Structure formats: structure tokens, C-alpha cells
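Structure file input-v9.txt with compact mmCIF, C-alpha atoms and all ligand atoms:
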# COMPACT_ATOMS: atom_id res chain seq x y z
CA MET A 10 -112.68 20.96 -25.74
CA SER A 11 -115.62 23.21 -25.01
CA ALA A 12 -115.25 26.91 -25.66
CA SER A 13 -113.82 28.92 -22.82
CA GLY A 14 -113.14 32.61 -22.61
CA ILE A 15 -110.63 34.48 -20.49
CA ARG A 16 -111.44 37.02 -17.81
CA PHE A 17 -109.07 39.36 -16.02
CA ASP A 18 -110.78 40.63 -12.91
CA GLU A 19 -108.91 43.72 -11.62
CA VAL A 20 -105.55 42.00 -12.01
CA SER A 21 -102.49 43.83 -10.68
CA VAL A 22 -98.89 42.64 -10.93
CA ALA A 23 -95.97 44.35 -9.22
CA TYR A 24 -92.22 43.73 -9.11
CA GLY A 25 -89.47 44.93 -6.79
CA ARG A 26 -88.47 44.17 -3.25
CA ASN A 27 -91.52 45.95 -1.89
CA ALA A 28 -93.65 45.40 -4.97
CA GLU A 29 -93.15 49.08 -5.74
CA ASN A 30 -93.18 48.72 -9.55
CA THR A 31 -96.72 48.12 -10.70
CA VAL A 32 -96.44 46.74 -14.24
CA LEU A 33 -100.09 45.72 -14.57
CA ASP A 34 -102.59 47.96 -12.85
CA SER A 35 -106.17 46.83 -12.10
CA PHE A 36 -106.41 45.15 -15.48
CA ASP A 37 -109.99 44.27 -16.35
CA LEU A 38 -110.74 42.51 -19.63
CA THR A 39 -112.99 39.75 -20.92
CA VAL A 40 -112.10 37.65 -23.97
CA GLU A 41 -115.20 35.86 -25.24
CA PRO A 42 -115.07 32.16 -26.10
CA GLY A 43 -113.63 31.79 -29.60
CA GLU A 44 -112.65 35.43 -29.81
CA VAL A 45 -109.29 36.76 -31.00
CA MET A 46 -108.27 39.61 -28.70
CA ALA A 47 -105.13 41.56 -29.53
CA LEU A 48 -103.24 43.22 -26.71
CA LEU A 49 -101.68 46.19 -28.46
CA GLY A 50 -99.32 48.66 -26.87
CA PRO A 51 -95.78 50.01 -26.85
CA SER A 52 -92.85 48.10 -25.41
CA GLY A 53 -93.00 47.93 -21.63
CA SER A 54 -96.73 48.60 -21.38
CA GLY A 55 -97.42 45.29 -19.61
CA LYS A 56 -98.67 43.08 -22.45
CA THR A 57 -96.42 40.10 -21.79
CA THR A 58 -97.12 40.36 -18.08
CA ALA A 59 -100.87 40.12 -18.75
CA LEU A 60 -100.29 37.05 -20.92
CA ARG A 61 -98.08 35.40 -18.32
CA ALA A 62 -100.75 35.98 -15.71
CA VAL A 63 -103.11 33.85 -17.83
CA ALA A 64 -100.47 31.19 -18.46
CA GLY A 65 -99.63 31.03 -14.76
CA PHE A 66 -96.04 32.26 -14.92
CA VAL A 67 -96.66 35.36 -12.84
CA ARG A 68 -98.74 35.59 -9.73
CA PRO A 69 -101.01 38.63 -9.46
CA ALA A 70 -100.62 40.76 -6.36
CA ARG A 71 -104.35 41.41 -6.58
CA GLY A 72 -107.29 40.26 -8.66
CA ARG A 73 -108.33 36.97 -10.21
CA VAL A 74 -107.84 35.28 -13.59
CA TRP A 75 -110.60 33.12 -15.02
CA ILE A 76 -110.52 30.65 -17.91
CA GLY A 77 -114.05 29.66 -18.80
CA GLU A 78 -115.89 28.87 -15.57
CA ARG A 79 -112.70 28.23 -13.62
CA ASP A 80 -110.81 30.63 -11.40
CA VAL A 81 -107.27 29.59 -12.36
CA THR A 82 -105.40 32.15 -10.27
CA ASP A 83 -103.99 29.50 -7.95
CA LEU A 84 -103.50 26.73 -10.52
CA PRO A 85 -100.06 25.77 -11.84
CA PRO A 86 -99.49 26.47 -15.58
CA TYR A 87 -99.84 22.85 -16.74
CA ARG A 88 -103.33 22.58 -15.28
CA ARG A 89 -104.75 25.63 -17.06
CA GLY A 90 -105.35 24.13 -20.52
CA VAL A 91 -103.39 26.91 -22.14
CA GLY A 92 -101.10 26.78 -25.19
CA MET A 93 -98.45 29.47 -25.45
CA VAL A 94 -96.16 30.65 -28.24
CA VAL A 95 -93.44 33.22 -27.64
CA GLN A 96 -91.37 35.37 -29.96
CA GLN A 97 -88.21 33.25 -29.96
CA TYR A 98 -89.75 29.84 -30.83
CA ALA A 99 -88.17 28.29 -27.70
CA LEU A 100 -87.97 24.82 -29.20
CA PHE A 101 -85.78 22.20 -27.53
CA PRO A 102 -82.76 22.05 -29.87
CA HIS A 103 -81.82 18.44 -29.11
CA MET A 104 -85.32 17.10 -29.79
CA ARG A 105 -86.81 16.27 -33.14
CA VAL A 106 -89.85 18.24 -34.28
CA GLU A 107 -92.24 15.43 -33.31
CA ASP A 108 -90.77 15.23 -29.81
CA ASN A 109 -91.01 18.98 -29.38
CA VAL A 110 -94.67 18.83 -30.34
CA ALA A 111 -95.29 15.85 -28.04
CA PHE A 112 -93.65 17.59 -25.10
CA GLY A 113 -96.73 19.22 -23.60
CA LEU A 114 -98.78 16.05 -24.03
CA LYS A 115 -96.19 13.99 -22.16
CA ALA A 116 -95.98 16.61 -19.41
CA GLN A 117 -99.76 16.36 -19.11
CA LYS A 118 -99.48 12.56 -18.98
CA ALA A 119 -101.72 12.10 -22.01
CA PRO A 120 -102.41 8.41 -22.75
CA ARG A 121 -99.46 7.02 -24.72
CA GLY A 122 -101.69 5.67 -27.46
CA GLU A 123 -103.04 9.15 -28.18
CA ILE A 124 -99.80 11.06 -28.42
CA ALA A 125 -98.72 10.07 -31.94
CA GLY A 126 -102.15 10.91 -33.37
CA ARG A 127 -102.31 14.30 -31.68
CA VAL A 128 -98.78 15.19 -32.81
CA ALA A 129 -99.66 14.25 -36.38
CA GLU A 130 -102.82 16.35 -36.19
CA ALA A 131 -100.98 19.43 -34.90
CA LEU A 132 -98.24 19.11 -37.53
CA GLU A 133 -100.89 18.73 -40.21
CA MET A 134 -102.69 21.86 -39.05
CA THR A 135 -99.52 23.91 -39.27
CA GLY A 136 -98.33 22.40 -42.56
CA MET A 137 -95.30 20.77 -40.94
CA SER A 138 -96.07 17.06 -41.40
CA ALA A 139 -93.11 16.54 -43.70
CA TYR A 140 -90.65 17.82 -41.09
CA ALA A 141 -91.49 15.59 -38.12
CA ARG A 142 -88.08 13.89 -38.04
CA ARG A 143 -85.96 17.03 -38.31
CA HIS A 144 -84.20 18.95 -35.60
CA PRO A 145 -84.98 22.65 -35.07
CA ARG A 146 -81.58 23.70 -36.50
CA GLU A 147 -82.60 22.11 -39.81
CA LEU A 148 -85.60 24.45 -40.11
CA SER A 149 -86.02 28.09 -41.15
CA GLY A 150 -87.28 30.66 -38.65
CA GLY A 151 -90.78 30.51 -40.07
CA GLN A 152 -90.82 26.72 -39.89
CA GLN A 153 -89.59 26.77 -36.32
CA GLN A 154 -92.40 29.12 -35.40
CA ARG A 155 -94.89 26.75 -37.04
CA VAL A 156 -93.54 23.95 -34.88
CA ALA A 157 -93.92 26.14 -31.81
CA ILE A 158 -97.55 26.73 -32.79
CA ALA A 159 -98.05 23.00 -33.38
CA ARG A 160 -96.63 22.31 -29.93
CA ALA A 161 -99.08 24.76 -28.38
CA LEU A 162 -102.02 23.24 -30.29
CA ALA A 163 -101.16 19.61 -29.54
CA ILE A 164 -102.65 19.80 -26.07
CA ARG A 165 -105.91 21.03 -27.65
CA PRO A 166 -105.97 24.15 -25.53
CA GLY A 167 -109.14 26.11 -24.86
CA VAL A 168 -106.97 29.20 -24.87
CA LEU A 169 -104.04 30.06 -27.11
CA LEU A 170 -101.61 32.74 -25.98
CA LEU A 171 -99.35 34.26 -28.61
CA ASP A 172 -96.65 36.72 -27.55
CA GLU A 173 -95.35 38.67 -30.56
CA PRO A 174 -95.13 35.38 -32.48
CA LEU A 175 -94.12 37.01 -35.75
CA SER A 176 -91.67 39.65 -34.63
CA ALA A 177 -88.58 37.49 -35.21
CA LEU A 178 -89.58 36.88 -38.84
CA ASP A 179 -88.81 39.08 -41.81
CA ALA A 180 -91.56 41.22 -43.31
CA GLN A 181 -92.53 38.90 -46.15
CA LEU A 182 -92.74 35.80 -43.96
CA ARG A 183 -94.68 37.78 -41.42
CA SER A 184 -97.55 38.59 -43.75
CA GLY A 185 -97.74 34.95 -44.88
CA MET A 186 -97.82 33.74 -41.28
CA LEU A 187 -100.49 36.30 -40.45
CA ALA A 188 -102.72 34.75 -43.09
CA GLU A 189 -101.86 31.29 -41.70
CA LEU A 190 -102.89 32.33 -38.21
CA ALA A 191 -106.19 33.67 -39.53
CA ARG A 192 -106.79 30.32 -41.24
CA LEU A 193 -105.92 28.40 -38.06
CA HIS A 194 -108.41 30.49 -36.16
CA ARG A 195 -111.13 29.60 -38.67
CA GLU A 196 -110.27 25.93 -38.22
CA LEU A 197 -110.40 26.24 -34.43
CA PRO A 198 -113.43 28.46 -33.88
CA ASP A 199 -113.77 27.50 -30.20
CA VAL A 200 -110.26 28.47 -29.17
CA SER A 201 -109.94 31.89 -27.56
CA ILE A 202 -106.79 33.67 -28.65
CA LEU A 203 -104.94 36.39 -26.80
CA TYR A 204 -102.45 37.89 -29.23
CA VAL A 205 -99.80 40.26 -27.92
CA THR A 206 -98.28 42.66 -30.40
CA HIS A 207 -96.90 46.16 -30.71
CA ASP A 208 -97.74 46.11 -34.42
CA GLN A 209 -101.04 47.74 -35.25
CA VAL A 210 -101.27 46.05 -38.65
CA GLU A 211 -101.17 42.61 -37.02
CA ALA A 212 -103.80 43.67 -34.51
CA LEU A 213 -106.09 45.22 -37.12
CA THR A 214 -105.73 42.22 -39.44
CA LEU A 215 -106.25 39.41 -37.00
CA ALA A 216 -108.27 40.56 -34.04
CA ASP A 217 -112.01 40.59 -33.41
CA ARG A 218 -111.29 43.19 -30.74
CA ILE A 219 -108.21 45.09 -29.66
CA ALA A 220 -107.27 45.99 -26.10
CA VAL A 221 -104.98 49.01 -26.18
CA MET A 222 -102.46 49.19 -23.35
CA ASP A 223 -100.16 51.94 -22.13
CA LYS A 224 -98.25 52.36 -18.88
CA ALA A 225 -99.54 49.19 -17.20
CA ARG A 226 -103.16 50.07 -17.87
CA LEU A 227 -105.91 49.19 -20.28
CA GLN A 228 -106.60 52.38 -22.24
CA ASP A 229 -109.34 51.29 -24.59
CA VAL A 230 -110.98 48.14 -25.91
CA GLY A 231 -113.15 47.68 -28.98
CA THR A 232 -113.43 46.35 -32.49
CA PRO A 233 -110.69 47.48 -34.88
CA SER A 234 -113.12 49.70 -36.75
CA ARG A 235 -114.51 51.32 -33.59
CA LEU A 236 -111.01 52.08 -32.32
CA TYR A 237 -110.08 53.48 -35.69
CA ARG A 238 -113.23 55.53 -36.32
CA ARG A 239 -114.11 56.49 -32.76
CA PRO A 240 -110.96 56.20 -30.62
CA GLY A 241 -111.70 56.61 -26.93
CA GLY A 242 -108.73 58.90 -26.32
CA THR A 243 -105.66 60.48 -27.82
CA PHE A 244 -103.42 57.49 -27.04
CA THR A 245 -105.63 55.11 -29.01
CA ALA A 246 -106.02 57.63 -31.81
CA SER A 247 -102.29 57.92 -32.33
CA PHE A 248 -101.43 54.25 -31.72
CA VAL A 249 -104.12 52.70 -33.93
CA GLY A 250 -103.55 54.27 -37.33
CA ASN A 251 -102.15 57.71 -38.08
CA ALA A 252 -103.95 60.70 -36.69
CA ASN A 253 -103.94 64.46 -36.85
CA LEU A 254 -104.59 65.57 -33.28
CA LEU A 255 -105.52 69.23 -33.20
CA PRO A 256 -106.18 71.39 -30.14
CA VAL A 257 -109.70 72.82 -30.36
CA VAL A 258 -112.26 74.46 -28.12
CA GLY A 259 -115.98 73.82 -28.09
CA GLY A 260 -118.00 76.19 -30.25
CA PRO A 261 -121.22 78.00 -29.30
CA GLU A 262 -123.42 75.50 -31.16
CA GLY A 263 -123.45 71.74 -30.55
CA GLY A 264 -121.39 69.86 -33.13
CA THR A 265 -118.94 72.70 -33.73
CA VAL A 266 -115.42 73.41 -32.49
CA ARG A 267 -112.93 76.19 -33.13
CA PHE A 268 -109.42 75.43 -34.33
CA GLY A 269 -107.37 78.61 -34.34
CA GLY A 270 -109.48 81.04 -36.29
CA THR A 271 -111.60 78.45 -38.06
CA GLU A 272 -114.94 77.05 -36.99
CA LEU A 273 -115.34 73.36 -37.85
CA ARG A 274 -118.33 71.04 -37.90
CA VAL A 275 -117.73 67.69 -36.25
CA GLY A 276 -119.57 64.39 -35.89
CA ASP A 277 -121.98 65.16 -33.06
CA THR A 278 -122.42 62.07 -30.97
CA VAL A 279 -123.06 62.35 -27.26
CA ARG A 280 -119.49 61.33 -26.50
CA ASP A 281 -118.16 64.19 -28.58
CA ALA A 282 -120.21 66.88 -26.89
CA VAL A 283 -117.92 69.65 -25.67
CA ARG A 284 -119.26 72.76 -24.01
CA ASP A 285 -118.70 76.23 -25.38
CA GLY A 286 -115.10 77.22 -24.63
CA GLU A 287 -114.06 73.79 -23.29
CA SER A 288 -110.66 72.50 -24.53
CA ALA A 289 -110.58 69.25 -26.45
CA THR A 290 -108.62 67.45 -29.15
CA LEU A 291 -109.90 66.90 -32.66
CA CYS A 292 -108.82 63.67 -34.37
CA VAL A 293 -108.90 63.58 -38.17
CA ARG A 294 -107.37 60.66 -40.08
CA PRO A 295 -104.98 61.82 -42.84
CA HIS A 296 -106.66 59.75 -45.54
CA ARG A 297 -110.05 61.34 -44.74
CA ILE A 298 -108.67 64.74 -45.71
CA GLY A 299 -108.97 65.88 -49.31
CA LEU A 300 -107.31 68.63 -51.25
CA GLY A 301 -109.15 71.70 -52.57
CA GLU A 302 -112.11 73.78 -51.48
CA SER A 303 -114.71 71.23 -52.53
CA GLU A 304 -115.03 67.87 -54.19
CA SER A 305 -115.25 68.47 -57.95
CA GLU A 306 -118.30 66.24 -58.30
CA GLY A 307 -120.67 67.40 -55.60
CA GLY A 308 -119.13 70.10 -53.50
CA ALA A 309 -120.63 70.92 -50.15
CA GLU A 310 -121.97 67.39 -49.67
CA ASP A 311 -118.94 66.48 -47.58
CA GLY A 312 -119.69 68.82 -44.70
CA GLY A 313 -117.66 71.74 -45.83
CA ASN A 314 -114.80 71.90 -43.33
CA VAL A 315 -111.93 73.74 -44.98
CA LEU A 316 -108.53 74.52 -43.47
CA ARG A 317 -106.23 76.85 -45.38
CA GLY A 318 -102.47 76.81 -44.98
CA VAL A 319 -99.07 76.49 -46.61
CA VAL A 320 -97.46 73.23 -47.74
CA THR A 321 -94.49 72.35 -45.52
CA GLY A 322 -93.97 68.72 -46.41
CA LEU A 323 -94.50 66.42 -49.38
CA GLN A 324 -93.94 62.71 -49.67
CA TRP A 325 -94.81 60.64 -52.68
CA ARG A 326 -95.60 57.08 -51.59
CA GLY A 327 -96.49 55.47 -54.89
CA ALA A 328 -100.24 55.15 -54.60
CA THR A 329 -100.61 58.20 -52.35
CA HIS A 330 -99.15 61.60 -51.57
CA ARG A 331 -98.64 62.73 -48.00
CA ILE A 332 -99.07 66.45 -47.87
CA THR A 333 -98.35 68.37 -44.71
CA ALA A 334 -99.54 71.93 -44.34
CA GLU A 335 -99.02 74.43 -41.58
CA ILE A 336 -102.30 75.84 -40.39
CA ASP A 337 -102.44 78.36 -37.54
CA GLY A 338 -99.08 77.10 -36.25
CA HIS A 339 -100.03 73.40 -36.39
CA GLU A 340 -99.06 70.75 -38.91
CA VAL A 341 -101.93 68.94 -40.55
CA THR A 342 -101.26 65.93 -42.76
CA ALA A 343 -103.44 64.73 -45.61
CA GLU A 344 -102.96 61.46 -47.43
CA VAL A 345 -104.51 61.70 -50.88
CA GLY A 346 -104.63 59.47 -53.93
CA GLU A 347 -102.09 59.95 -56.68
CA LEU A 348 -102.25 63.44 -58.19
CA ARG A 349 -101.22 64.46 -61.65
CA GLU A 350 -100.03 67.79 -60.30
CA PRO A 351 -99.23 67.66 -56.61
CA PRO A 352 -98.87 71.02 -54.84
CA ARG A 353 -95.36 72.39 -54.29
CA LEU A 354 -93.61 73.27 -51.07
CA GLY A 355 -94.59 76.75 -49.94
CA GLU A 356 -97.76 76.78 -52.03
CA ARG A 357 -101.06 77.71 -50.39
CA VAL A 358 -103.52 74.81 -50.14
CA ALA A 359 -106.97 74.13 -48.82
CA LEU A 360 -107.53 70.89 -46.91
CA ARG A 361 -111.07 69.67 -46.49
CA PHE A 362 -112.81 67.00 -44.49
CA ALA A 363 -116.36 65.96 -43.73
CA ALA A 364 -117.97 66.74 -40.37
CA GLU A 365 -118.40 63.02 -39.67
CA ASP A 366 -114.64 62.50 -40.04
CA GLY A 367 -113.82 64.91 -37.23
CA VAL A 368 -113.86 63.06 -33.90
CA VAL A 369 -113.65 65.12 -30.74
CA LEU A 370 -111.62 63.61 -27.89
CA ARG A 371 -111.57 64.98 -24.39
CA GLY A 372 -108.27 66.30 -23.09
P1 LIG B 1 -94.48 44.47 -22.83
O1 LIG B 1 -94.70 43.04 -23.10
O2 LIG B 1 -95.68 45.33 -23.09
O3 LIG B 1 -93.28 45.02 -23.54
P2 LIG B 1 -93.84 43.59 -20.15
O4 LIG B 1 -95.10 43.04 -19.60
O5 LIG B 1 -92.82 42.63 -20.62
O6 LIG B 1 -94.18 44.67 -21.28
O7 LIG B 1 -93.13 44.49 -19.05
C1 LIG B 1 -93.81 45.53 -18.38
C2 LIG B 1 -92.85 46.13 -17.37
O8 LIG B 1 -92.55 45.17 -16.37
C3 LIG B 1 -91.54 46.56 -17.97
O9 LIG B 1 -91.17 47.78 -17.40
C4 LIG B 1 -90.58 45.46 -17.55
O10 LIG B 1 -89.28 45.97 -17.40
C5 LIG B 1 -91.16 45.02 -16.21
N1 LIG B 1 -90.89 43.60 -15.91
C6 LIG B 1 -91.30 42.54 -16.64
N2 LIG B 1 -90.91 41.38 -16.08
C7 LIG B 1 -90.22 41.71 -14.97
C8 LIG B 1 -89.55 40.97 -13.92
N3 LIG B 1 -89.52 39.62 -13.95
N4 LIG B 1 -88.96 41.65 -12.93
C9 LIG B 1 -89.01 43.00 -12.90
N5 LIG B 1 -89.61 43.76 -13.83
C10 LIG B 1 -90.21 43.14 -14.85
MG MG B 2 -93.67 41.75 -24.34
Rewritten as C-alpha cells:
Amino acid sequence: MSASGIRFDEVSVAYGRNAENTVLDSFDLTVEPGEVMALLGPSGSGKTTALRAVAGFVRPARGRVWIGERDVTDLPPYRRGVGMVVQQYALFPHMRVEDNVAFGLKAQKAPRGEIAGRVAEALEMTGMSAYARRHPRELSGGQQQRVAIARALAIRPGVLLLDEPLSALDAQLRSGMLAELARLHRELPDVSILYVTHDQVEALTLADRIAVMDKARLQDVGTPSRLYRRPGGTFTASFVGNANLLPVVGGPEGGTVRFGGTELRVGDTVRDAVRDGESATLCVRPHRIGLGESESEGGAEDGGNVLRGVVTGLQWRGATHRITAEIDGHEVTAEVGELREPPRLGERVALRFAAEDGVVLRG
């Protein structure tokens, strides 16, 4: 199968008698051929709806859906060349594994002589060859999900849609399956994958790019590192990784902001430019904040932003300490490596971070 991407062109989906509930609003997104795109957002943000619009299970009220060079908006699901895996495996309980995997091929009227070979290939890819004769009830949850993936792959789809495929599994299985999915993607470099999840770790681990959704809309799209280092807005900043979001106003010089009584230097890219007196939000990741006035080996090198306050929260997390301090009426959290002598509650501390680790967001 040749590589084919996915394109949402201003897709809107609405429910209700008068289509009054818009659950996907002018959704515009391109998944490149062979790319893994995560759709990341809270429950109810419209992720599954977007996926179902690609699969052909919901009809957009407006807009078009493209797979490769084809406008598939009016095609039935079985003609779209799409494999789909949902959270709850959805295997046919009365069918053996091999018949479950063959199901899509039979529905597509694949030549009889090809079916057995394709089923064997898909089971091989998912490590399930030894289980072909079993029924779903004779398999663990993780094995059932592998069979569901094999079933999706058997039709050799150009596009693979995965809707929270790991959320029914326990934590340990989940991380193993995540590695398995990454391996599968390397084995199938031409297959575009749209991966729906509300779990940022899954999205950061697996995706080439992440599309962040909230309230039926696309909020931000970019590589994991761009979203993490330069989030486009406060929603992305707080949903992708932890963030301190501090109210600031633009300072008199470019590249400076005021937070309470303190002037801070920030990374001065064009996007971050805020005018003197303009309100904005400063995003600083907790693990980019250090403790103390300056780094013992080097000092002012790190840009010299220092916030002084009183410790209001302490959590020891094994490899790190989370230290929360109240500064000018706001809580600021630092996540620092293990300390021999962590500060105590009520103690005065200085938190420091480099200018380049302060990202200014509008609003
Ligand atoms: P997500 O996958 O991000 O949790 P969904 O796409 O499943 O979100 O749902 C988005 C919104 O659309 C939710 O408010 C949900 O209740 C609503 N919704 C989904 N499917 C239907 C439907 N068939 N009829 C009415 N409302 C629906
Ligand atoms: Mg969903």
C-alpha cells in the first residue's frame, strides 16, 4: 500500500435534534504519510469524534476528510482503507482469534487464497501466532488488544486509527504495549497513525506530532518538544507536562516581565514579545527551577532570575523533591534532584531559573 496521509479540512460535527451541540468545530489538521499524530485532550474534547470522522462512522456537518489523494467524506467505512482499534478490544467472542483477524478481509472480499497468509502475517507482527486457535475469553486483556491490532493490520491499511488502545490495561502492561506500538510503527513506516489519548505520556512517547484538543477545537499542534518547550497557549502548557503559570506584565525593556515586585528576564522570541504594561502569563516548568541564589559552579550563567518566598509544600518523590513556595501570593513549584538537606516548611527559599526557561504566553 502506498503511503497516504490524512487531512481534516474544516471538519465540523454536531449532534442534537437541530445539530445544536457542536462537538468538533472547524477542525483542520494534516497527518503526513507515515506520521504518528496523537490527538491529546481531556475527556469530551472531541477526539473520538475526529477519529470516527476519518473511519466513516460519523458524517461531518461541514468540511471534508481526505485520505491520501482521495476525498473520502462520502465513502462508506469499508472502502476507506482504514484499520481501527478501540479501547475495549471489541473482538467477536464466539470467533477464534484467526477468524477475528480474518473478519475485515472477508468483509472486503479479499481473494480466499490470500486470507490465511495475511492473517498469519498480522498475528506474527503482533506476536500472537501461537494463539490463532483460541477464543477471546481464553486470552488476557493485553493479548486481546494485540488481536484487535492484528485485525486492524490484516487489511494492510494505509491509515491506522487507535482510540485509547491502552486505557483498559494495567500500568505495567501499558508501558510494554507502548513499546510494542513503537516497534510496529517502525515495521510499518508507510502507515499513518492517528492515536487518540488523554494520557500525555503516551502522546509524548509515541507521537511525531501532537494535536492538542479542548472543547471541540484544535488548540495547538506541534512536535512533543515544541509543545513542551514553547507551548502555544496556557491550555497546552498545563496539559502537556506540568507548568507554573504566573500572571505577569510586560516590562519596559524587551525580554523582561514583572511578576509581583520582581523583574524577570525571559526568552525573547518574537512570539513572546509583550508590550510594556501588557498582561501575559509566564510558563516555567518545575524541573527547570533550581534552588538557591545561584548555581554553585558558575553562578550568573543561568540568567539570574531569582524568586524569593516561603516553603508551603514539600513532597519527596524518590529521585526528586517537589518544593512549593509562596511568592507574592502565588504558588510556584520547583522539582529538583535529590537533596541531602531539603528545606523545611515555613523556611525562606530562593528559586531560580534561566531566562530561556521562561516562556511568555498571551492571555
Ligand atoms: P473524547 O473522545 O475527547 O472524550 P468524544 O468525541 O467522544 O470526546 O465526545 C465529544 C462530545 O460529543 C462529548 O460531549 C460527547 O458527549 C458528545 N457525543 C459523542 N458522541 C455522541 C452522540 N452519538 N450523540 C450525542 N453526543 C455525542
Ligand atoms: Mg474518546
Could you pull the residues within 10 Å of Pro69 (chain A), counting only C-alpha atoms, minus those fewer than 5 positions along the same chain, as a list in words?
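Near Pro69 (chain A), the qualifying residues are Glu19, Val20, Ser21, Val22, Ala23, Leu33, Thr58, Ala59, Arg61, Ala62, Val63, Val74, Thr82 and Asp83 of chain A.
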Pairwise distance for CA of Val110 (chain A) and CA of Ser13 (chain A), rounded to one decimal in Å:
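Taking CA of Val110 (chain A) as the start and CA of Ser13 (chain A) as the end point, the length is 22.9 Å.
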Given 9 Å and all atoms listed in the file, residues near ligand MG 2 (chain B) as JSON, numbers by chain
{"A": [51, 52, 53, 54, 55, 56, 57, 58, 60, 96, 172, 173, 205, 206, 207]}
CA of Met137 (chain A) and CA of Met104 (chain A) are how many Å apart?
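For CA of Met137 (chain A) relative to CA of Met104 (chain A), the distance reads 15.4 Å.
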What gap, in Å, lies between CA of Thr333 (chain A) and CA of Val315 (chain A)?
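Taking CA of Thr333 (chain A) and CA of Val315 (chain A), their separation equals 14.6 Å.
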Taking all atoms listed in the file into account, name the residue in A:Val258, A:Val249, A:Ala188, A:Leu316 that is nearest to Leu215 (chain A).
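Residue with the minimum atom-to-atom distance to Leu215 (chain A): A:Ala188.
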Which is closest to ligand LIG 1 (chain B) among A:Lys224, A:Arg239, A:Arg349, A:Arg267, if we use only C-alpha atoms and all ligand atoms?
A:Lys224
Please, what is the axis-aligned box for every listed atom of ligand LIG 1 (chain B) with 6 Å on each side, as centre and edge lengths in Å to one decimal, as JSON?
{"center_x": -92.3, "center_y": 43.7, "center_z": -18.2, "size_x": 18.7, "size_y": 20.2, "size_z": 22.6}
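Proximity to ligand LIG 1 (chain B) was assessed for A:Ser201, A:Thr329, A:Asn27, A:Thr271 counting all atoms listed in the file; the smallest distance is recorded for A:Asn27.
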Counting only C-alpha atoms, figure out which residue out of A:Val266, A:Leu162, A:Leu348, A:Val358 gets nearest to Ile336 (chain A).
A:Val358
For a cut-off of 12 Å around (-107.3, 23.8, -27.5), file coordinates, pick out all residues using all atoms listed in the file and list them as a PyMOL selection string.
chain A and resi 10-14+42-43+89-93+127+131+158-170+193-194+196-202
Using all atoms listed in the file, find all polymer residues with an atom at most 10 Å away from the point (-90.4, 29.0, -38.8); report them as a VMD selection string.
chain A and resid 98 137 145 148 to 158 175 177 to 178 182 186
One residue among A:Pro86, A:Gly269, A:Gly338, A:Gly346 is nearest to His296 (chain A) when using only C-alpha atoms, and that residue is A:Gly346
Nearest-residue call for Asp108 (chain A), choices A:Ser247, A:Val257, A:Arg142, A:Trp75, using all atoms listed in the file:
A:Arg142
Which residues come within 9 Å of Cys292 (chain A), counting all atoms listed in the file, excluding same-chain residues fewer than 5 positions away, as a JSON list (two decimals) with C-alpha atoms, keeping the file's coordinate frame?
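Everything below was put into selection-v8.json:
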[["chain", "number", "residue", "atom", "x", "y", "z"],
["A", 240, "PRO", "CA", -110.96, 56.20, -30.62],
["A", 243, "THR", "CA", -105.66, 60.48, -27.82],
["A", 246, "ALA", "CA", -106.02, 57.63, -31.81],
["A", 247, "SER", "CA", -102.29, 57.92, -32.33],
["A", 252, "ALA", "CA", -103.95, 60.70, -36.69],
["A", 253, "ASN", "CA", -103.94, 64.46, -36.85],
["A", 254, "LEU", "CA", -104.59, 65.57, -33.28],
["A", 255, "LEU", "CA", -105.52, 69.23, -33.20],
["A", 366, "ASP", "CA", -114.64, 62.50, -40.04],
["A", 367, "GLY", "CA", -113.82, 64.91, -37.23],
["A", 368, "VAL", "CA", -113.86, 63.06, -33.90],
["A", 369, "VAL", "CA", -113.65, 65.12, -30.74],
["A", 370, "LEU", "CA", -111.62, 63.61, -27.89]]
Within 9 Å of Glu107 (chain A), counting only C-alpha atoms, which residues show up once you throw out same-chain ones fewer than 5 positions away? Write them as an NGL selection string, please.
:A and (112 or 125 or 128-129 or 132 or 140-143 or 156 or 160)
Would you mind putting back all heavy atoms on region 150-154 of chain A, then writing it out as a compact mmCIF listing (two decimals), in the coordinates of the input?
# COMPACT_ATOMS: atom_id res chain seq x y z
N GLY A 150 -86.59 29.98 -39.76
CA GLY A 150 -87.28 30.66 -38.65
C GLY A 150 -88.80 30.49 -38.71
O GLY A 150 -89.44 30.19 -37.71
N GLY A 151 -89.33 30.65 -39.91
CA GLY A 151 -90.78 30.51 -40.07
C GLY A 151 -91.26 29.11 -39.75
O GLY A 151 -92.30 28.90 -39.12
N GLN A 152 -90.46 28.12 -40.18
CA GLN A 152 -90.82 26.72 -39.89
C GLN A 152 -90.74 26.43 -38.41
O GLN A 152 -91.57 25.71 -37.85
CB GLN A 152 -89.91 25.78 -40.69
CG GLN A 152 -90.20 25.81 -42.19
CD GLN A 152 -89.13 25.10 -43.01
OE1 GLN A 152 -87.98 24.96 -42.57
NE2 GLN A 152 -89.49 24.66 -44.19
N GLN A 153 -89.70 26.98 -37.77
CA GLN A 153 -89.59 26.77 -36.32
C GLN A 153 -90.80 27.35 -35.59
O GLN A 153 -91.31 26.77 -34.64
CB GLN A 153 -88.30 27.41 -35.78
CG GLN A 153 -87.05 26.67 -36.23
CD GLN A 153 -85.81 27.27 -35.58
OE1 GLN A 153 -85.72 27.40 -34.38
NE2 GLN A 153 -84.84 27.60 -36.40
N GLN A 154 -91.25 28.51 -36.08
CA GLN A 154 -92.40 29.12 -35.40
C GLN A 154 -93.66 28.29 -35.64
O GLN A 154 -94.51 28.18 -34.76
CB GLN A 154 -92.56 30.57 -35.87
CG GLN A 154 -93.47 31.42 -34.99
CD GLN A 154 -93.06 31.48 -33.54
OE1 GLN A 154 -92.86 30.46 -32.89
NE2 GLN A 154 -92.96 32.68 -32.99
